file entry39.txt (compact mmCIF, C-alpha atoms)
# COMPACT_ATOMS: atom_id res chain seq x y z
CA MET A 589 -36.57 21.92 16.44
CA SER A 590 -33.17 20.95 15.23
CA THR A 591 -32.15 22.31 11.86
CA LEU A 592 -30.36 20.55 9.11
CA LYS A 593 -27.03 21.91 7.96
CA VAL A 594 -25.97 21.21 4.39
CA THR A 595 -22.42 21.98 3.31
CA MET A 596 -20.07 21.22 0.45
CA PRO A 597 -16.74 20.33 2.09
CA SER A 598 -15.07 19.77 -1.28
CA ASP A 599 -16.19 20.01 -4.87
CA ARG A 600 -17.15 16.32 -4.97
CA GLU A 601 -19.00 16.13 -1.64
CA ILE A 602 -22.28 17.01 -0.02
CA ALA A 603 -22.39 16.82 3.77
CA MET A 604 -25.29 17.12 6.17
CA THR A 605 -25.51 17.37 9.95
CA ARG A 606 -28.58 17.18 12.14
CA GLU A 607 -29.48 16.41 15.73
CA PHE A 608 -32.21 13.97 16.74
CA ASP A 609 -33.88 13.80 20.11
CA ALA A 610 -33.41 10.04 20.48
CA PRO A 611 -30.73 7.62 21.61
CA ARG A 612 -28.24 6.48 19.00
CA GLN A 613 -29.56 2.91 18.88
CA LEU A 614 -32.94 4.11 17.59
CA VAL A 615 -31.44 6.39 14.94
CA TRP A 616 -29.27 3.45 13.87
CA ASP A 617 -32.31 1.18 13.66
CA ALA A 618 -34.14 3.75 11.56
CA HIS A 619 -31.26 3.69 9.06
CA THR A 620 -30.65 -0.05 8.97
CA LYS A 621 -34.01 -1.81 9.32
CA ALA A 622 -35.87 -1.87 6.03
CA GLU A 623 -39.33 -1.67 7.61
CA LEU A 624 -38.27 1.57 9.36
CA VAL A 625 -36.26 3.15 6.51
CA ARG A 626 -39.21 2.98 4.15
CA LYS A 627 -41.31 5.05 6.56
CA TRP A 628 -39.19 8.17 6.35
CA LEU A 629 -36.67 8.13 3.48
CA LEU A 630 -39.18 9.28 0.90
CA GLY A 631 -38.06 12.55 -0.63
CA PRO A 632 -40.67 15.03 -1.83
CA PRO A 633 -44.34 14.73 -0.82
CA GLY A 634 -46.32 12.15 -2.77
CA TRP A 635 -43.59 9.52 -2.98
CA SER A 636 -43.58 6.09 -1.36
CA MET A 637 -40.93 3.38 -1.12
CA PRO A 638 -42.39 0.08 -2.32
CA VAL A 639 -39.00 -1.66 -2.33
CA CYS A 640 -36.52 -1.40 0.53
CA LYS A 641 -34.03 -4.22 0.93
CA ILE A 642 -31.14 -4.11 3.35
CA ASP A 643 -28.55 -6.83 3.84
CA LEU A 644 -26.53 -5.26 6.64
CA ARG A 645 -23.12 -6.87 6.49
CA VAL A 646 -19.84 -5.88 4.86
CA GLY A 647 -20.18 -6.90 1.22
CA GLY A 648 -23.97 -7.03 1.55
CA GLY A 649 -26.15 -4.70 -0.44
CA PHE A 650 -29.13 -2.40 -0.21
CA ARG A 651 -31.76 -1.48 -2.73
CA TYR A 652 -34.27 1.37 -2.50
CA GLU A 653 -37.05 1.98 -5.02
CA TRP A 654 -39.40 4.91 -4.87
CA ARG A 655 -42.65 5.60 -6.63
CA LYS A 656 -44.59 8.78 -7.16
CA GLU A 657 -48.18 7.79 -6.55
CA SER A 658 -49.78 10.45 -8.74
CA ASP A 659 -48.18 9.40 -12.04
CA GLY A 660 -46.32 6.16 -11.35
CA THR A 661 -42.85 7.64 -11.92
CA THR A 662 -40.18 5.48 -10.29
CA MET A 663 -36.60 5.97 -9.27
CA ALA A 664 -34.16 3.65 -7.60
CA MET A 665 -30.75 3.40 -6.04
CA GLY A 666 -28.60 0.67 -4.58
CA GLY A 667 -25.19 0.00 -3.17
CA THR A 668 -22.87 -2.18 -1.15
CA TYR A 669 -21.81 -1.92 2.49
CA LYS A 670 -18.07 -1.41 2.86
CA GLU A 671 -17.69 -0.72 6.58
CA ILE A 672 -20.09 -1.27 9.45
CA THR A 673 -19.43 -0.25 13.04
CA PRO A 674 -22.67 -0.99 14.87
CA ILE A 675 -24.68 2.04 15.99
CA GLU A 676 -21.80 4.30 15.01
CA ARG A 677 -20.72 4.27 11.41
CA ILE A 678 -21.60 2.93 7.97
CA VAL A 679 -19.63 3.39 4.78
CA SER A 680 -21.37 2.24 1.63
CA THR A 681 -21.27 2.76 -2.09
CA GLU A 682 -24.40 4.15 -3.68
CA LYS A 683 -25.63 4.69 -7.18
CA PHE A 684 -28.89 5.88 -8.68
CA ASP A 685 -30.21 3.89 -11.62
CA ASP A 686 -30.39 7.00 -13.79
CA PRO A 687 -27.95 7.05 -16.68
CA TRP A 688 -26.75 10.58 -15.95
CA TYR A 689 -25.21 9.33 -12.75
CA GLU A 690 -21.72 8.15 -13.67
CA GLY A 691 -19.59 6.15 -11.28
CA GLU A 692 -20.43 5.13 -7.76
CA ALA A 693 -20.67 7.52 -4.87
CA VAL A 694 -19.42 6.67 -1.39
CA GLY A 695 -21.65 7.56 1.52
CA THR A 696 -20.53 7.78 5.13
CA LEU A 697 -23.01 7.90 7.98
CA VAL A 698 -21.73 8.75 11.45
CA LEU A 699 -23.87 8.79 14.61
CA ARG A 700 -22.64 10.32 17.86
CA GLU A 701 -24.63 10.37 21.09
CA GLN A 702 -24.58 13.37 23.38
CA GLY A 703 -26.76 13.54 26.47
CA GLY A 704 -29.42 11.21 25.11
CA LYS A 705 -29.49 13.00 21.75
CA THR A 706 -27.92 11.80 18.54
CA ILE A 707 -25.92 13.87 16.13
CA LEU A 708 -26.07 12.50 12.65
CA SER A 709 -23.54 13.39 9.96
CA THR A 710 -23.66 12.10 6.44
CA THR A 711 -21.16 12.76 3.70
CA VAL A 712 -21.50 11.58 0.14
CA LEU A 713 -18.42 11.65 -2.06
CA TYR A 714 -19.36 11.59 -5.74
CA ALA A 715 -17.33 10.31 -8.68
CA SER A 716 -17.00 13.81 -10.06
CA LYS A 717 -18.02 17.36 -9.39
CA THR A 718 -20.48 17.12 -12.28
CA VAL A 719 -22.35 14.26 -10.62
CA ARG A 720 -22.30 16.04 -7.26
CA ASP A 721 -23.80 19.16 -8.80
CA SER A 722 -26.41 17.14 -10.69
CA VAL A 723 -27.50 15.48 -7.46
CA LEU A 724 -27.67 18.81 -5.72
CA LYS A 725 -29.65 20.37 -8.53
CA ALA A 726 -32.00 17.45 -8.87
CA GLY A 727 -32.60 17.44 -5.14
CA MET A 728 -31.90 13.69 -5.12
CA THR A 729 -34.90 12.89 -7.14
CA THR A 730 -36.53 11.90 -10.28
CA GLY A 731 -37.22 13.85 -13.34
CA VAL A 732 -33.74 15.19 -13.24
CA GLU A 733 -34.08 16.86 -16.61
CA GLN A 734 -37.42 18.24 -15.66
CA SER A 735 -36.28 19.73 -12.40
CA TYR A 736 -33.21 21.07 -14.16
CA ASP A 737 -35.37 22.88 -16.66
CA ARG A 738 -37.79 24.11 -14.07
CA LEU A 739 -35.02 25.40 -11.92
CA GLU A 740 -33.36 27.18 -14.77
CA SER A 741 -36.54 28.94 -15.64
CA GLU A 742 -37.17 29.76 -11.99
CA VAL A 743 -33.80 31.07 -11.05
CA LEU A 744 -31.91 32.10 -14.07
CA ALA A 745 -34.70 33.83 -15.91
CA MET B 86 -23.02 31.21 -21.06
CA GLN B 87 -25.45 28.31 -21.01
CA SER B 88 -27.39 28.40 -17.81
CA THR B 89 -26.36 24.91 -16.65
CA ALA B 90 -22.72 25.70 -17.34
CA ARG B 91 -23.32 28.92 -15.48
CA LEU B 92 -24.58 27.06 -12.42
CA ASP B 93 -21.55 24.78 -12.56
CA ALA B 94 -19.33 27.85 -12.59
CA ILE B 95 -21.21 29.25 -9.60
CA PHE B 96 -20.84 26.06 -7.56
CA ALA B 97 -17.16 25.80 -8.47
CA ALA B 98 -16.64 29.40 -7.39
CA LEU B 99 -18.45 28.82 -4.10
CA ALA B 100 -16.49 25.64 -3.29
CA ASP B 101 -13.51 27.68 -2.10
CA PRO B 102 -13.49 29.20 1.42
CA THR B 103 -11.43 32.25 0.39
CA ARG B 104 -13.88 33.04 -2.37
CA ARG B 105 -16.81 32.66 -0.01
CA ALA B 106 -15.09 35.03 2.41
CA ILE B 107 -14.54 37.53 -0.41
CA LEU B 108 -18.26 37.35 -1.23
CA ALA B 109 -19.13 37.86 2.42
CA ARG B 110 -16.87 40.93 2.48
CA LEU B 111 -18.44 42.30 -0.70
CA ALA B 112 -21.90 41.73 0.74
CA SER B 113 -21.17 44.62 3.10
CA GLY B 114 -20.12 46.94 0.27
CA GLN B 115 -17.86 47.18 -2.76
CA ALA B 116 -14.09 47.00 -2.36
CA ALA B 117 -10.90 47.26 -4.41
CA VAL B 118 -8.40 44.42 -4.83
CA ASN B 119 -5.96 45.74 -2.23
CA GLU B 120 -8.72 46.09 0.35
CA LEU B 121 -9.86 42.57 -0.40
CA ALA B 122 -6.31 41.17 -0.14
CA LYS B 123 -5.68 42.65 3.33
CA PRO B 124 -7.68 40.33 5.62
CA PHE B 125 -6.58 37.18 3.78
CA ASP B 126 -2.83 37.43 4.09
CA MET B 127 -2.58 36.74 0.37
CA SER B 128 -0.79 38.51 -2.44
CA GLN B 129 -2.82 40.73 -4.75
CA PRO B 130 -2.21 38.39 -7.71
CA ALA B 131 -3.55 35.47 -5.67
CA ILE B 132 -6.64 37.47 -4.77
CA SER B 133 -7.01 38.59 -8.38
CA LYS B 134 -7.12 34.95 -9.44
CA HIS B 135 -9.99 34.29 -7.04
CA LEU B 136 -11.74 37.43 -8.26
CA LYS B 137 -11.48 36.20 -11.85
CA VAL B 138 -13.21 32.93 -10.90
CA LEU B 139 -15.95 34.87 -9.13
CA GLU B 140 -16.33 37.20 -12.11
CA ARG B 141 -16.55 34.35 -14.59
CA ALA B 142 -19.33 32.85 -12.49
CA GLY B 143 -21.10 36.20 -12.61
CA LEU B 144 -21.01 36.50 -8.83
CA ILE B 145 -19.17 39.82 -8.84
CA SER B 146 -18.66 42.62 -11.31
CA GLY B 147 -16.59 45.72 -11.81
CA GLY B 148 -13.22 44.13 -12.28
CA ARG B 149 -11.86 43.92 -15.81
CA ASP B 150 -8.13 44.54 -15.83
CA ARG B 151 -7.97 47.69 -13.79
CA GLN B 152 -6.67 46.90 -10.34
CA ARG B 153 -8.27 49.77 -8.57
CA ARG B 154 -11.76 49.53 -9.87
CA PRO B 155 -13.93 48.33 -6.99
CA ARG B 156 -15.60 44.94 -7.19
CA LYS B 157 -19.19 44.56 -6.21
CA LEU B 158 -21.43 41.66 -5.43
CA GLU B 159 -23.99 40.54 -8.02
CA PRO B 160 -26.77 39.18 -5.83
CA LYS B 161 -28.86 37.36 -8.44
CA PRO B 162 -26.59 34.41 -9.37
CA LEU B 163 -25.70 33.93 -5.74
CA ALA B 164 -29.39 33.74 -4.92
CA ALA B 165 -29.75 31.09 -7.65
CA ALA B 166 -27.06 28.89 -6.13
CA THR B 167 -28.43 29.39 -2.63
CA LYS B 168 -31.81 28.35 -3.92
CA TRP B 169 -30.40 25.01 -5.15
CA LEU B 170 -28.88 24.33 -1.77
CA GLU B 171 -32.00 25.47 0.04
CA ARG B 172 -34.18 23.18 -2.05
CA TYR B 173 -31.91 20.24 -1.36
CA ARG B 174 -31.91 21.13 2.32
CA ARG B 175 -35.70 21.34 2.40
CA LEU B 176 -36.01 17.94 0.74
CA TRP B 177 -33.82 16.31 3.37
CA GLU B 178 -35.41 18.30 6.17
CA GLY B 179 -38.70 16.73 5.02
CA ASN B 180 -37.14 13.27 5.34
CA TYR B 181 -35.68 14.05 8.73
CA GLN B 182 -38.91 15.49 10.10
CA ARG B 183 -40.57 12.19 9.22
CA LEU B 184 -37.67 10.49 10.99
CA ASP B 185 -38.26 12.68 14.09
CA ILE B 186 -41.84 11.40 14.23
CA LEU B 187 -40.76 7.80 13.72
CA LEU B 188 -38.16 8.12 16.51
CA GLU B 189 -40.83 9.44 18.87
CA GLU B 190 -42.94 6.37 18.10
CA LEU B 191 -39.97 4.08 18.68
CA LYS B 192 -39.19 5.77 22.01
CA GLU B 193 -42.76 5.23 23.20
CA LYS B 194 -42.61 1.56 22.33
CA LYS B 195 -39.53 1.02 24.46

call {"tool": "encode", "arguments": {"input": "entry39.txt", "output": "structure tokens"}}
result
Amino acid sequence: MSTLKVTMPSDREIAMTREFDAPRQLVWDAHTKAELVRKWLLGPPGWSMPVCKIDLRVGGGFRYEWRKESDGTTMAMGGTYKEITPIERIVSTEKFDDPWYEGEAVGTLVLREQGGKTILSTTVLYASKTVRDSVLKAGMTTGVEQSYDRLESEVLA
Amino acid sequence: MQSTARLDAIFAALADPTRRAILARLASGQAAVNELAKPFDMSQPAISKHLKVLERAGLISGGRDRQRRPRKLEPKPLAAATKWLERYRRLWEGNYQRLDILLEELKEKK
């Protein structure tokens, strides 16, 4: 199984690379068709994605809303497409609804095909290092404060 | 230091490749400033600056102002930072494993 590599190329970025055993067109579809995105982009176990809207054109927007089934907690993010090169590259802004998340981040998705496999790279450039670190610490998700606290007690005790 | 500020200091310290290389070197045993400067083609003052950042983040100890006192790695804060990254990685690996399954389904449909 392919493993996911997470790096921090600068103090405002988080980058990830992973290989998928599928042609690039399918990986592209899974990132750009709402009915497919909502099947996998779910975060921690127990979350679903009741809202997934994608208007795939430059200047068009996307909106993702997640829900934790056990207690009804929700979280959401949205953004605007800035650059689209079909099956190869998407640049979009993105922003979580949470108030701690200042400014917009810019996400870049790049897909390369090699021998029938697809190498996916994503980079997200945040407005500041503080936001980047918050995202990293929160693990993308809800209950930012809560996970912050839990982590502190776990790791820094 | 407040623990959140502490984590910020750790991430800032780890953002620099030279500092990561210094940590990797110290992982194999303690070393003095001049020993640490050698492989990096950097002046001792430049290395000392990096060491100060690492010390402030609590990632190494032993320094103070004496040049010759060996620095050593403090494993606990480093483990904390690695744990953040690992948690984030696991979260996305969960997403991508679901994507693997979805891609298999899509391939079969074709």

call {"tool": "interface_residues", "arguments": {"input": "entry39.txt", "of": "chain B", "to": "chain A", "cutoff": "12 Å", "atoms": "only C-alpha atoms", "output": "VMD selection string"}}
result
chain B and resid 86 to 102 105 143 160 to 195

call {"tool": "write_last_selection", "arguments": {"input": "entry39.txt", "atoms": "C-alpha atoms", "output": "mmCIF file, keeping the file's coordinate frame"}}
result
data_model
loop_
_atom_site.group_PDB
_atom_site.id
_atom_site.type_symbol
_atom_site.label_atom_id
_atom_site.label_comp_id
_atom_site.auth_asym_id
_atom_site.auth_seq_id
_atom_site.Cartn_x
_atom_site.Cartn_y
_atom_site.Cartn_z
ATOM 1 C CA MET B 86 -23.020 31.210 -21.060
ATOM 2 C CA GLN B 87 -25.450 28.310 -21.010
ATOM 3 C CA SER B 88 -27.390 28.400 -17.810
ATOM 4 C CA THR B 89 -26.360 24.910 -16.650
ATOM 5 C CA ALA B 90 -22.720 25.700 -17.340
ATOM 6 C CA ARG B 91 -23.320 28.920 -15.480
ATOM 7 C CA LEU B 92 -24.580 27.060 -12.420
ATOM 8 C CA ASP B 93 -21.550 24.780 -12.560
ATOM 9 C CA ALA B 94 -19.330 27.850 -12.590
ATOM 10 C CA ILE B 95 -21.210 29.250 -9.600
ATOM 11 C CA PHE B 96 -20.840 26.060 -7.560
ATOM 12 C CA ALA B 97 -17.160 25.800 -8.470
ATOM 13 C CA ALA B 98 -16.640 29.400 -7.390
ATOM 14 C CA LEU B 99 -18.450 28.820 -4.100
ATOM 15 C CA ALA B 100 -16.490 25.640 -3.290
ATOM 16 C CA ASP B 101 -13.510 27.680 -2.100
ATOM 17 C CA PRO B 102 -13.490 29.200 1.420
ATOM 18 C CA ARG B 105 -16.810 32.660 -0.010
ATOM 19 C CA GLY B 143 -21.100 36.200 -12.610
ATOM 20 C CA PRO B 160 -26.770 39.180 -5.830
ATOM 21 C CA LYS B 161 -28.860 37.360 -8.440
ATOM 22 C CA PRO B 162 -26.590 34.410 -9.370
ATOM 23 C CA LEU B 163 -25.700 33.930 -5.740
ATOM 24 C CA ALA B 164 -29.390 33.740 -4.920
ATOM 25 C CA ALA B 165 -29.750 31.090 -7.650
ATOM 26 C CA ALA B 166 -27.060 28.890 -6.130
ATOM 27 C CA THR B 167 -28.430 29.390 -2.630
ATOM 28 C CA LYS B 168 -31.810 28.350 -3.920
ATOM 29 C CA TRP B 169 -30.400 25.010 -5.150
ATOM 30 C CA LEU B 170 -28.880 24.330 -1.770
ATOM 31 C CA GLU B 171 -32.000 25.470 0.040
ATOM 32 C CA ARG B 172 -34.180 23.180 -2.050
ATOM 33 C CA TYR B 173 -31.910 20.240 -1.360
ATOM 34 C CA ARG B 174 -31.910 21.130 2.320
ATOM 35 C CA ARG B 175 -35.700 21.340 2.400
ATOM 36 C CA LEU B 176 -36.010 17.940 0.740
ATOM 37 C CA TRP B 177 -33.820 16.310 3.370
ATOM 38 C CA GLU B 178 -35.410 18.300 6.170
ATOM 39 C CA GLY B 179 -38.700 16.730 5.020
ATOM 40 C CA ASN B 180 -37.140 13.270 5.340
ATOM 41 C CA TYR B 181 -35.680 14.050 8.730
ATOM 42 C CA GLN B 182 -38.910 15.490 10.100
ATOM 43 C CA ARG B 183 -40.570 12.190 9.220
ATOM 44 C CA LEU B 184 -37.670 10.490 10.990
ATOM 45 C CA ASP B 185 -38.260 12.680 14.090
ATOM 46 C CA ILE B 186 -41.840 11.400 14.230
ATOM 47 C CA LEU B 187 -40.760 7.800 13.720
ATOM 48 C CA LEU B 188 -38.160 8.120 16.510
ATOM 49 C CA GLU B 189 -40.830 9.440 18.870
ATOM 50 C CA GLU B 190 -42.940 6.370 18.100
ATOM 51 C CA LEU B 191 -39.970 4.080 18.680
ATOM 52 C CA LYS B 192 -39.190 5.770 22.010
ATOM 53 C CA GLU B 193 -42.760 5.230 23.200
ATOM 54 C CA LYS B 194 -42.610 1.560 22.330
ATOM 55 C CA LYS B 195 -39.530 1.020 24.460
#

call {"tool": "residues_around", "arguments": {"input": "entry39.txt", "residues": "region 664-672 of chain A", "least_positions_apart": "2", "cutoff": "10 Å", "atoms": "only C-alpha atoms", "output": "JSON list (two decimals) with C-alpha atoms, keeping the file's coordinate frame"}}
result
[["chain", "number", "residue", "atom", "x", "y", "z"],
["A", 637, "MET", "CA", -40.93, 3.38, -1.12],
["A", 639, "VAL", "CA", -39.00, -1.66, -2.33],
["A", 640, "CYS", "CA", -36.52, -1.40, 0.53],
["A", 641, "LYS", "CA", -34.03, -4.22, 0.93],
["A", 642, "ILE", "CA", -31.14, -4.11, 3.35],
["A", 643, "ASP", "CA", -28.55, -6.83, 3.84],
["A", 644, "LEU", "CA", -26.53, -5.26, 6.64],
["A", 645, "ARG", "CA", -23.12, -6.87, 6.49],
["A", 646, "VAL", "CA", -19.84, -5.88, 4.86],
["A", 647, "GLY", "CA", -20.18, -6.90, 1.22],
["A", 648, "GLY", "CA", -23.97, -7.03, 1.55],
["A", 649, "GLY", "CA", -26.15, -4.70, -0.44],
["A", 650, "PHE", "CA", -29.13, -2.40, -0.21],
["A", 651, "ARG", "CA", -31.76, -1.48, -2.73],
["A", 652, "TYR", "CA", -34.27, 1.37, -2.50],
["A", 653, "GLU", "CA", -37.05, 1.98, -5.02],
["A", 654, "TRP", "CA", -39.40, 4.91, -4.87],
["A", 655, "ARG", "CA", -42.65, 5.60, -6.63],
["A", 662, "THR", "CA", -40.18, 5.48, -10.29],
["A", 674, "PRO", "CA", -22.67, -0.99, 14.87],
["A", 675, "ILE", "CA", -24.68, 2.04, 15.99],
["A", 676, "GLU", "CA", -21.80, 4.30, 15.01],
["A", 677, "ARG", "CA", -20.72, 4.27, 11.41],
["A", 678, "ILE", "CA", -21.60, 2.93, 7.97],
["A", 679, "VAL", "CA", -19.63, 3.39, 4.78],
["A", 680, "SER", "CA", -21.37, 2.24, 1.63],
["A", 681, "THR", "CA", -21.27, 2.76, -2.09],
["A", 682, "GLU", "CA", -24.40, 4.15, -3.68],
["A", 683, "LYS", "CA", -25.63, 4.69, -7.18],
["A", 684, "PHE", "CA", -28.89, 5.88, -8.68],
["A", 685, "ASP", "CA", -30.21, 3.89, -11.62],
["A", 686, "ASP", "CA", -30.39, 7.00, -13.79],
["A", 692, "GLU", "CA", -20.43, 5.13, -7.76],
["A", 693, "ALA", "CA", -20.67, 7.52, -4.87],
["A", 694, "VAL", "CA", -19.42, 6.67, -1.39],
["A", 695, "GLY", "CA", -21.65, 7.56, 1.52],
["A", 696, "THR", "CA", -20.53, 7.78, 5.13],
["A", 697, "LEU", "CA", -23.01, 7.90, 7.98],
["A", 729, "THR", "CA", -34.90, 12.89, -7.14],
["A", 730, "THR", "CA", -36.53, 11.90, -10.28]]

call {"tool": "atom_distance", "arguments": {"input": "entry39.txt", "atom1": "CA of Thr620 (chain A)", "atom2": "CA of Thr710 (chain A)"}}
result
14.2 Å

call {"tool": "atom_distance", "arguments": {"input": "entry39.txt", "atom1": "CA of Ile107 (chain B)", "atom2": "CA of Leu121 (chain B)"}}
result
6.9 Å

call {"tool": "atom_distance", "arguments": {"input": "entry39.txt", "atom1": "CA of Lys123 (chain B)", "atom2": "CA of Leu111 (chain B)"}}
result
13.4 Å

call {"tool": "closest_residue", "arguments": {"input": "entry39.txt", "among": "B:Pro155, B:Ala106, B:Ala142, B:Gly147", "to": "Val118 (chain B)", "atoms": "only C-alpha atoms"}}
result
B:Pro155

call {"tool": "decode", "arguments": {"input": "entry39.txt", "residues": "region 641-659 of chain A", "atoms": "N, CA and C atoms", "output": "JSON list (two decimals), in the first residue's frame"}}
result
[["chain", "number", "residue", "atom", "x", "y", "z"],
["A", 641, "LYS", "N", -20.97, 20.75, -2.73],
["A", 641, "LYS", "CA", -21.32, 21.44, -3.96],
["A", 641, "LYS", "C", -20.05, 21.85, -4.68],
["A", 642, "ILE", "N", -20.00, 21.56, -5.95],
["A", 642, "ILE", "CA", -18.81, 21.90, -6.73],
["A", 642, "ILE", "C", -19.24, 22.54, -8.04],
["A", 643, "ASP", "N", -18.76, 23.73, -8.28],
["A", 643, "ASP", "CA", -19.03, 24.43, -9.54],
["A", 643, "ASP", "C", -17.67, 24.60, -10.21],
["A", 644, "LEU", "N", -17.28, 23.57, -10.97],
["A", 644, "LEU", "CA", -15.91, 23.47, -11.46],
["A", 644, "LEU", "C", -15.65, 24.36, -12.68],
["A", 645, "ARG", "N", -15.39, 25.61, -12.43],
["A", 645, "ARG", "CA", -14.95, 26.54, -13.46],
["A", 645, "ARG", "C", -14.20, 27.65, -12.76],
["A", 646, "VAL", "N", -13.30, 28.32, -13.48],
["A", 646, "VAL", "CA", -12.54, 29.40, -12.86],
["A", 646, "VAL", "C", -13.53, 30.47, -12.40],
["A", 647, "GLY", "N", -13.45, 30.85, -11.15],
["A", 647, "GLY", "CA", -14.40, 31.81, -10.58],
["A", 647, "GLY", "C", -15.59, 31.11, -9.93],
["A", 648, "GLY", "N", -15.76, 29.82, -10.21],
["A", 648, "GLY", "CA", -16.83, 29.05, -9.56],
["A", 648, "GLY", "C", -16.40, 28.66, -8.15],
["A", 649, "GLY", "N", -17.33, 28.17, -7.37],
["A", 649, "GLY", "CA", -17.00, 27.88, -5.99],
["A", 649, "GLY", "C", -17.27, 26.44, -5.59],
["A", 650, "PHE", "N", -16.80, 26.10, -4.40],
["A", 650, "PHE", "CA", -17.16, 24.80, -3.82],
["A", 650, "PHE", "C", -17.53, 25.01, -2.36],
["A", 651, "ARG", "N", -18.33, 24.11, -1.87],
["A", 651, "ARG", "CA", -18.78, 24.19, -0.48],
["A", 651, "ARG", "C", -18.90, 22.77, 0.08],
["A", 652, "TYR", "N", -18.19, 22.52, 1.17],
["A", 652, "TYR", "CA", -18.24, 21.22, 1.84],
["A", 652, "TYR", "C", -18.77, 21.42, 3.25],
["A", 653, "GLU", "N", -19.74, 20.61, 3.65],
["A", 653, "GLU", "CA", -20.19, 20.63, 5.04],
["A", 653, "GLU", "C", -20.19, 19.22, 5.61],
["A", 654, "TRP", "N", -19.58, 19.10, 6.77],
["A", 654, "TRP", "CA", -19.50, 17.79, 7.41],
["A", 654, "TRP", "C", -20.35, 17.75, 8.67],
["A", 655, "ARG", "N", -20.69, 16.54, 9.06],
["A", 655, "ARG", "CA", -21.50, 16.37, 10.26],
["A", 655, "ARG", "C", -21.04, 15.12, 10.99],
["A", 656, "LYS", "N", -20.90, 15.29, 12.30],
["A", 656, "LYS", "CA", -20.54, 14.14, 13.13],
["A", 656, "LYS", "C", -21.84, 13.51, 13.59],
["A", 657, "GLU", "N", -22.07, 12.28, 13.18],
["A", 657, "GLU", "CA", -23.39, 11.68, 13.39],
["A", 657, "GLU", "C", -23.73, 11.50, 14.86],
["A", 658, "SER", "N", -22.72, 11.22, 15.68],
["A", 658, "SER", "CA", -23.00, 10.90, 17.08],
["A", 658, "SER", "C", -23.56, 12.09, 17.86],
["A", 659, "ASP", "N", -23.08, 13.30, 17.60],
["A", 659, "ASP", "CA", -23.57, 14.44, 18.40],
["A", 659, "ASP", "C", -24.02, 15.64, 17.56]]
